[in-house]
$ cat start-v7.txt   # compact mmCIF, C-alpha atoms and all ligand atoms
# COMPACT_ATOMS: atom_id res chain seq x y z
CA MET J 1 -12.10 173.48 -0.02
CA THR J 2 -12.77 175.68 2.98
CA GLY J 3 -15.48 173.80 4.89
CA SER J 4 -14.92 171.25 7.63
CA LEU J 5 -16.47 168.02 8.85
CA VAL J 6 -16.22 166.70 12.42
CA VAL J 7 -17.74 163.33 13.35
CA VAL J 8 -18.84 163.22 16.99
CA GLY J 9 -20.71 160.93 19.40
CA THR J 10 -23.18 162.16 22.01
CA GLY J 11 -22.13 159.50 24.53
CA PRO J 12 -24.68 157.01 25.88
CA GLY J 13 -27.33 159.48 27.09
CA LYS J 14 -26.52 161.71 30.06
CA ALA J 15 -25.37 165.23 29.10
CA GLU J 16 -22.31 164.91 31.41
CA LEU J 17 -21.07 161.98 29.34
CA MET J 18 -20.72 164.11 26.20
CA THR J 19 -17.09 165.25 26.08
CA PRO J 20 -16.17 168.96 26.19
CA ALA J 21 -14.35 168.54 22.83
CA THR J 22 -17.61 167.27 21.29
CA GLN J 23 -19.56 170.16 22.86
CA ALA J 24 -17.05 172.63 21.40
CA ALA J 25 -17.34 171.08 17.92
CA LEU J 26 -21.16 171.28 18.15
CA ALA J 27 -20.98 174.94 19.23
CA ARG J 28 -18.88 175.82 16.16
CA ALA J 29 -20.98 173.96 13.58
CA THR J 30 -23.13 175.69 10.97
CA ASP J 31 -24.83 172.36 10.13
CA LEU J 32 -25.66 169.23 12.12
CA VAL J 33 -26.30 165.98 10.27
CA GLY J 34 -27.58 162.80 11.94
CA TYR J 35 -30.31 160.39 12.91
CA GLY J 36 -33.19 162.38 14.44
CA PRO J 37 -33.12 160.91 18.00
CA TYR J 38 -29.36 161.55 18.28
CA LEU J 39 -29.79 165.16 17.07
CA ASP J 40 -32.50 165.58 19.73
CA ARG J 41 -29.83 164.94 22.40
CA VAL J 42 -27.89 167.97 21.21
CA PRO J 43 -28.97 171.22 22.86
CA ALA J 44 -29.28 174.27 20.57
CA ALA J 45 -25.73 175.60 20.41
CA ARG J 46 -25.99 178.71 18.24
CA ALA J 47 -28.49 180.67 16.19
CA ASN J 48 -28.98 179.78 12.53
CA GLN J 49 -27.57 176.28 12.93
CA CYS J 50 -29.22 173.99 10.36
CA ARG J 51 -30.28 170.51 11.50
CA HIS J 52 -30.50 167.80 8.85
CA ALA J 53 -32.31 164.90 10.55
CA SER J 54 -32.60 161.65 8.62
CA ASP J 55 -33.71 158.06 8.93
CA ASN J 56 -31.23 155.68 10.59
CA ARG J 57 -30.99 153.25 7.67
CA VAL J 58 -29.41 155.56 5.10
CA GLU J 59 -26.00 156.10 6.67
CA LEU J 60 -24.00 156.31 3.44
CA ASP J 61 -26.43 158.86 1.93
CA ARG J 62 -26.19 160.89 5.11
CA ALA J 63 -22.37 160.77 4.97
CA ARG J 64 -22.39 161.93 1.31
CA HIS J 65 -24.77 164.74 2.20
CA ALA J 66 -22.45 165.86 5.02
CA LEU J 67 -19.39 165.79 2.70
CA THR J 68 -21.27 167.77 0.03
CA LEU J 69 -22.22 170.43 2.60
CA ALA J 70 -18.61 170.65 3.85
CA ALA J 71 -17.33 170.92 0.27
CA SER J 72 -19.66 173.90 -0.23
CA GLY J 73 -17.92 175.71 2.65
CA ARG J 74 -20.13 174.77 5.63
CA ASP J 75 -18.76 173.66 9.04
CA VAL J 76 -20.55 170.36 9.43
CA VAL J 77 -20.83 168.08 12.45
CA VAL J 78 -22.07 164.53 11.91
CA VAL J 79 -23.72 163.24 15.08
CA SER J 80 -23.74 159.57 16.22
CA GLY J 81 -24.73 158.06 19.56
CA GLY J 82 -22.00 156.80 21.90
CA ASP J 83 -18.65 156.89 20.11
CA PRO J 84 -18.78 157.79 16.40
CA GLY J 85 -16.23 155.12 15.46
CA VAL J 86 -18.04 152.16 17.09
CA PHE J 87 -20.66 150.70 14.69
CA ALA J 88 -21.50 154.27 13.68
CA MET J 89 -21.06 157.20 11.31
CA ALA J 90 -17.27 157.69 11.23
CA SER J 91 -16.75 154.62 9.02
CA ALA J 92 -19.68 155.65 6.81
CA VAL J 93 -17.99 159.04 6.25
CA PHE J 94 -14.71 157.40 5.19
CA GLU J 95 -16.58 154.90 3.01
CA ALA J 96 -18.30 157.83 1.26
CA LEU J 97 -14.91 159.54 0.96
CA GLU J 98 -13.38 156.45 -0.65
CA THR J 99 -16.10 156.14 -3.28
CA GLY J 100 -16.96 159.84 -3.73
CA ASP J 101 -15.55 163.01 -5.33
CA PRO J 102 -11.70 162.86 -5.02
CA ALA J 103 -11.71 166.60 -4.18
CA TRP J 104 -13.42 165.73 -0.85
CA ARG J 105 -10.09 164.28 0.38
CA ALA J 106 -8.72 167.83 0.73
CA LEU J 107 -11.40 168.68 3.32
CA ASP J 108 -10.63 169.27 6.98
CA ILE J 109 -12.14 166.03 8.43
CA ARG J 110 -11.80 165.04 12.08
CA VAL J 111 -13.26 162.44 14.47
CA GLU J 112 -13.89 163.20 18.16
CA PRO J 113 -13.98 160.16 20.50
CA GLY J 114 -17.03 159.58 22.70
CA VAL J 115 -18.15 157.25 25.50
CA THR J 116 -19.37 154.09 23.81
CA ALA J 117 -22.30 152.02 25.17
CA MET J 118 -20.02 149.13 26.18
CA LEU J 119 -18.06 151.35 28.60
CA ALA J 120 -21.18 152.96 30.07
CA ALA J 121 -22.82 149.52 30.46
CA ALA J 122 -19.74 148.06 32.16
CA ALA J 123 -19.63 150.97 34.62
CA GLU J 124 -23.29 150.34 35.59
CA VAL J 125 -22.43 146.87 36.95
CA GLY J 126 -18.80 147.07 38.10
CA ALA J 127 -15.86 146.08 35.89
CA PRO J 128 -16.88 143.20 33.60
CA LEU J 129 -14.47 144.39 30.87
CA GLY J 130 -11.48 144.28 33.26
CA GLY J 131 -9.77 141.47 31.32
CA ASP J 132 -9.47 140.96 27.56
CA PHE J 133 -12.72 141.59 25.73
CA CYS J 134 -14.21 141.99 22.28
CA ALA J 135 -17.23 143.72 20.76
CA VAL J 136 -19.53 142.13 18.19
CA SER J 137 -22.55 143.70 16.50
CA LEU J 138 -25.35 141.16 16.05
CA SER J 139 -26.86 143.16 13.20
CA ASP J 140 -26.71 141.30 9.92
CA ASN J 141 -27.67 144.33 7.82
CA LEU J 142 -24.07 144.77 6.67
CA LYS J 143 -22.56 141.27 7.16
CA SER J 144 -23.80 137.70 7.01
CA TRP J 145 -25.07 135.70 9.99
CA GLY J 146 -22.36 133.12 9.16
CA THR J 147 -19.66 135.73 9.83
CA ILE J 148 -21.28 136.64 13.15
CA GLU J 149 -21.41 132.95 14.22
CA ARG J 150 -17.75 132.44 13.26
CA ARG J 151 -16.68 135.44 15.37
CA LEU J 152 -18.80 134.40 18.38
CA LYS J 153 -17.28 130.91 18.28
CA ALA J 154 -13.74 132.30 18.07
CA ALA J 155 -14.45 134.73 20.94
CA ALA J 156 -15.82 131.90 23.09
CA GLU J 157 -12.87 129.64 22.31
CA ALA J 158 -10.42 132.44 23.19
CA ASP J 159 -12.35 133.11 26.45
CA PHE J 160 -12.90 136.83 25.74
CA VAL J 161 -15.59 138.78 27.56
CA ILE J 162 -18.06 139.49 24.73
CA ALA J 163 -19.97 142.77 24.41
CA LEU J 164 -22.90 142.46 22.02
CA TYR J 165 -24.12 145.60 20.26
CA ASN J 166 -27.42 145.62 18.31
CA PRO J 167 -28.62 142.44 20.08
CA ALA J 168 -32.21 142.73 18.81
CA SER J 169 -34.61 144.90 16.88
CA LYS J 170 -38.18 144.53 15.67
CA ALA J 171 -36.85 143.29 12.34
CA ARG J 172 -34.39 140.87 14.01
CA PRO J 173 -36.07 139.33 17.09
CA HIS J 174 -34.40 135.88 16.98
CA GLN J 175 -30.68 136.44 16.65
CA LEU J 176 -29.79 136.94 20.30
CA GLY J 177 -31.50 133.63 21.14
CA GLN J 178 -29.49 131.95 18.39
CA ALA J 179 -26.28 133.53 19.71
CA PHE J 180 -27.04 132.26 23.25
CA GLY J 181 -27.75 128.80 21.80
CA LEU J 182 -24.39 128.73 20.05
CA LEU J 183 -22.50 129.99 23.11
CA ARG J 184 -24.23 127.47 25.46
CA GLY J 185 -22.42 124.73 23.59
CA LEU J 186 -19.04 126.41 24.14
CA LYS J 187 -19.11 128.12 27.56
CA ALA J 188 -20.15 127.17 31.11
CA GLY J 189 -23.85 127.56 31.98
CA ALA J 190 -22.87 129.63 35.07
CA THR J 191 -21.19 132.34 32.93
CA PRO J 192 -22.63 135.76 33.93
CA VAL J 193 -24.79 137.47 31.28
CA LEU J 194 -25.66 141.14 31.78
CA PHE J 195 -28.41 143.01 29.98
CA VAL J 196 -27.84 146.75 30.40
CA ARG J 197 -30.56 148.98 28.97
CA ALA J 198 -30.07 152.75 28.51
CA ALA J 199 -26.65 152.60 30.18
CA GLY J 200 -25.23 155.97 31.18
CA SER J 201 -28.64 157.61 31.20
CA THR J 202 -31.02 158.43 34.05
CA ASP J 203 -33.26 155.42 33.25
CA ALA J 204 -30.53 152.78 33.12
CA LYS J 205 -31.72 149.26 33.93
CA VAL J 206 -29.64 146.12 34.57
CA VAL J 207 -30.79 142.49 34.39
CA THR J 208 -28.27 139.92 35.59
CA ALA J 209 -28.55 136.29 34.45
CA THR J 210 -26.38 133.31 33.59
CA LEU J 211 -25.81 131.83 30.17
CA ALA J 212 -28.01 128.87 31.17
CA THR J 213 -30.95 131.08 32.22
CA ALA J 214 -30.55 134.17 29.99
CA ASP J 215 -33.82 135.13 28.27
CA ALA J 216 -33.10 136.84 24.95
CA SER J 217 -36.45 138.65 24.98
CA VAL J 218 -35.10 140.95 27.75
CA ALA J 219 -32.98 142.77 25.12
CA ASP J 220 -34.17 145.51 22.80
CA MET J 221 -32.49 148.09 20.57
CA ARG J 222 -31.29 150.14 23.57
CA THR J 223 -29.70 147.15 25.34
CA LEU J 224 -26.04 146.17 25.46
CA VAL J 225 -25.41 142.52 26.40
CA ILE J 226 -22.20 141.48 28.13
CA ILE J 227 -21.29 137.78 28.33
CA GLY J 228 -18.54 137.01 30.83
CA ALA J 229 -15.27 135.14 30.42
CA SER J 230 -14.59 132.06 32.59
CA THR J 231 -13.13 134.36 35.28
CA THR J 232 -16.00 136.91 35.36
CA ARG J 233 -17.65 136.80 38.80
CA GLN J 234 -19.87 138.50 41.32
CA VAL J 235 -18.67 140.26 44.47
CA GLY J 236 -21.43 141.82 46.60
CA ARG J 237 -23.74 143.49 44.08
CA TRP J 238 -21.01 144.05 41.50
CA ILE J 239 -19.76 141.97 38.59
CA TYR J 240 -16.13 142.11 37.56
CA THR J 241 -13.50 140.31 35.54
CA PRO J 242 -10.10 140.12 37.23
CA ARG J 243 -7.23 141.59 35.23
CA GLY J 244 -5.22 138.38 35.37
CA GLU J 245 -5.79 134.64 35.19
CA ARG J 246 -4.98 133.91 38.83
CA GLU J 247 -7.79 133.00 41.21
CA ALA J 248 -8.74 135.66 43.74
CA THR J 249 -7.46 134.73 47.21
CA SER J 250 -9.27 135.64 50.40
N1 LIG J 301 -21.97 154.25 18.31
C1 LIG J 301 -22.75 153.64 19.37
C2 LIG J 301 -23.23 152.25 19.00
C3 LIG J 301 -24.20 152.21 17.84
S1 LIG J 301 -24.87 150.61 17.56
C4 LIG J 301 -21.88 153.57 20.63
O1 LIG J 301 -20.68 153.79 20.56
O2 LIG J 301 -22.43 153.29 21.70
C5 LIG J 301 -26.41 150.71 18.48
C6 LIG J 301 -26.39 149.75 19.65
O3 LIG J 301 -25.57 150.28 20.68
C7 LIG J 301 -27.73 149.51 20.31
O4 LIG J 301 -28.50 148.53 19.66
C8 LIG J 301 -27.31 149.02 21.70
O5 LIG J 301 -26.86 147.67 21.64
C9 LIG J 301 -26.07 149.87 21.94
N2 LIG J 301 -26.37 151.08 22.74
C10 LIG J 301 -26.31 152.36 22.34
N3 LIG J 301 -26.56 153.18 23.39
C11 LIG J 301 -26.80 152.38 24.45
C12 LIG J 301 -27.10 152.64 25.84
N4 LIG J 301 -27.21 153.89 26.32
N5 LIG J 301 -27.25 151.58 26.65
C13 LIG J 301 -27.12 150.31 26.20
N6 LIG J 301 -26.83 150.02 24.90
C14 LIG J 301 -26.68 151.04 24.05
$ encode --input "start-v7.txt" --output "C-alpha cells"
Amino acid sequence: MTGSLVVVGTGPGKAELMTPATQAALARATDLVGYGPYLDRVPAARANQCRHASDNRVELDRARHALTLAASGRDVVVVSGGDPGVFAMASAVFEALETGDPAWRALDIRVEPGVTAMLAAAAEVGAPLGGDFCAVSLSDNLKSWGTIERRLKAAAEADFVIALYNPASKARPHQLGQAFGLLRGLKAGATPVLFVRAAGSTDAKVVTATLATADASVADMRTLVIIGASTTRQVGRWIYTPRGEREATS
C-alpha cells in the first residue's frame, strides 16, 4: 500500500484560521474528498488535483471512497470544516477502516488538527470556555434524543459551560427549544446564552441572551450556541468564565 490519507479541517471560515500543516497537506494531495461547501473553501493547490465533492449525509460512503483511492496509490486528503475530529470526518474514516478491507490498516493515515467552531465562537465574545466545559451535538441523526437529554442534564448538574453543535437544521427545527426547556428547569434564568453565527469568518454575528429569554429560532446550521456555567458573566462588552470558583473581587 503506497498511497496516503490525511484528514484535515479548514477551520471555521477565514483563510488565516486554516493551519499551515493543513495547507501543506492540501498542497501535496492528488485527490481531495469532502462535502462540496468545505471543498470550496480550499484554494486550488496544484494542477491535476481531483476534487470529489459529495453530499453531506453520506459520510461513511465518502470515507470508504477516500480509503479506496488511497489504497490504489493516490495521496488523498479528506476535508472537513473546523477540526476534522469534532463531529466530523476523522471518526467516519476510522469507522470505515474498522469495518472495511483489513489491508487498509497498512495505509499511511494521519489526522491534522484544526480550529473548531467552539473555539472560534468563544474568541468572538471573550472567554466563555475559560472554566470546565463540554461539547454536545444536538443532531439526533446518529444518536437518540434520549441520549442527548441525559447528557444535557448531566452537564447542567455538573455546572459545565455547554457548547452546542448542530443546534438546528431545516429537518430539526424544534430541538434547541426543547434543550432550552430542559435546561431552564436546571439552571438559573440569568445564565448567559450566546448564539455565534459564522464564527471566525468575516460575517460573524453574535446574539447575547439569557437562558430565560433565549429564542431558539435565532440559531441555524451555521450557529454555535454557548450556555454559561453559574460563574459565566459579562464584563464591559465581553463574556467570560473565570478559571476558578472564587468570586471576582474589585
Ligand atoms: N468539525 C466542525 C463541526 C461540524 S458539526 C468543527 O470542528 O467546527 C457542524 C456544526 O458546527 C454546525 O451546525 C455549527 O453548530 C457548528 N459550526 C461549524 N462552523 C461554524 C462557524 N463558523 N460558526 C459557528 N458554528 C459553526
$ closest_residue --input "start-v7.txt" --among "J:Ala199, J:Gln175, J:Pro12, J:Arg46" --to "Ser144 of chain J" --atoms "only C-alpha atoms"
J:Gln175
$ closest_residue --input "start-v7.txt" --among "J:Ala229, J:Ala209, J:Ala123, J:Val86" --to "Val161 of chain J" --atoms "only C-alpha atoms"
J:Ala229
$ residues_near_point --input "start-v7.txt" --point "(-21.5, 165.9, 13.9)" --cutoff "8 Å" --atoms "only C-alpha atoms" --output "list in words"
Leu5, Val6, Val7, Val8, Gly9, Ala25, Leu26, Leu32, Val33, Gly34, Val76, Val77, Val78, Val79 and Ser80 of chain J
$ residues_around --input "start-v7.txt" --residues "Ser139 of chain J" --least-positions-apart "3" --cutoff "9 Å" --atoms "all atoms listed in the file" --output "list in words"
Val136, Leu142, Lys143, Ser144, Trp145, Ile148, Tyr165, Asn166, Pro167, Ala168, Ser169, Arg172 and Gln175 of chain J
$ write_last_selection --input "start-v7.txt" --atoms "C-alpha atoms" --output "PDB file, in the frame of the given file"
ATOM      1  CA  VAL J 136     -19.530 142.130  18.190  1.00  0.00           C
ATOM      2  CA  LEU J 142     -24.070 144.770   6.670  1.00  0.00           C
ATOM      3  CA  LYS J 143     -22.560 141.270   7.160  1.00  0.00           C
ATOM      4  CA  SER J 144     -23.800 137.700   7.010  1.00  0.00           C
ATOM      5  CA  TRP J 145     -25.070 135.700   9.990  1.00  0.00           C
ATOM      6  CA  ILE J 148     -21.280 136.640  13.150  1.00  0.00           C
ATOM      7  CA  TYR J 165     -24.120 145.600  20.260  1.00  0.00           C
ATOM      8  CA  ASN J 166     -27.420 145.620  18.310  1.00  0.00           C
ATOM      9  CA  PRO J 167     -28.620 142.440  20.080  1.00  0.00           C
ATOM     10  CA  ALA J 168     -32.210 142.730  18.810  1.00  0.00           C
ATOM     11  CA  SER J 169     -34.610 144.900  16.880  1.00  0.00           C
ATOM     12  CA  ARG J 172     -34.390 140.870  14.010  1.00  0.00           C
ATOM     13  CA  GLN J 175     -30.680 136.440  16.650  1.00  0.00           C
TER      14      GLN J 175
END
$ residues_near_ligand --input "start-v7.txt" --ligand "ligand LIG 301 (chain J)" --cutoff "7 Å" --atoms "all atoms listed in the file" --output "ChimeraX atom specification"
/J:9,11-13,80-88,115-118,121,164-168,196-201,221-224
$ closest_residue --input "start-v7.txt" --among "J:Glu59, J:Glu124, J:Asp75, J:Asp108" --to "Arg28 of chain J" --atoms "only C-alpha atoms"
J:Asp75
$ closest_residue --input "start-v7.txt" --among "J:Leu211, J:Val225, J:Phe180, J:His65" --to "Ala135 of chain J" --atoms "all atoms listed in the file"
J:Val225
$ atom_distance --input "start-v7.txt" --atom1 "atom CA of Ala127 of chain J" --atom2 "atom CA of Ile239 of chain J"
6.3 Å
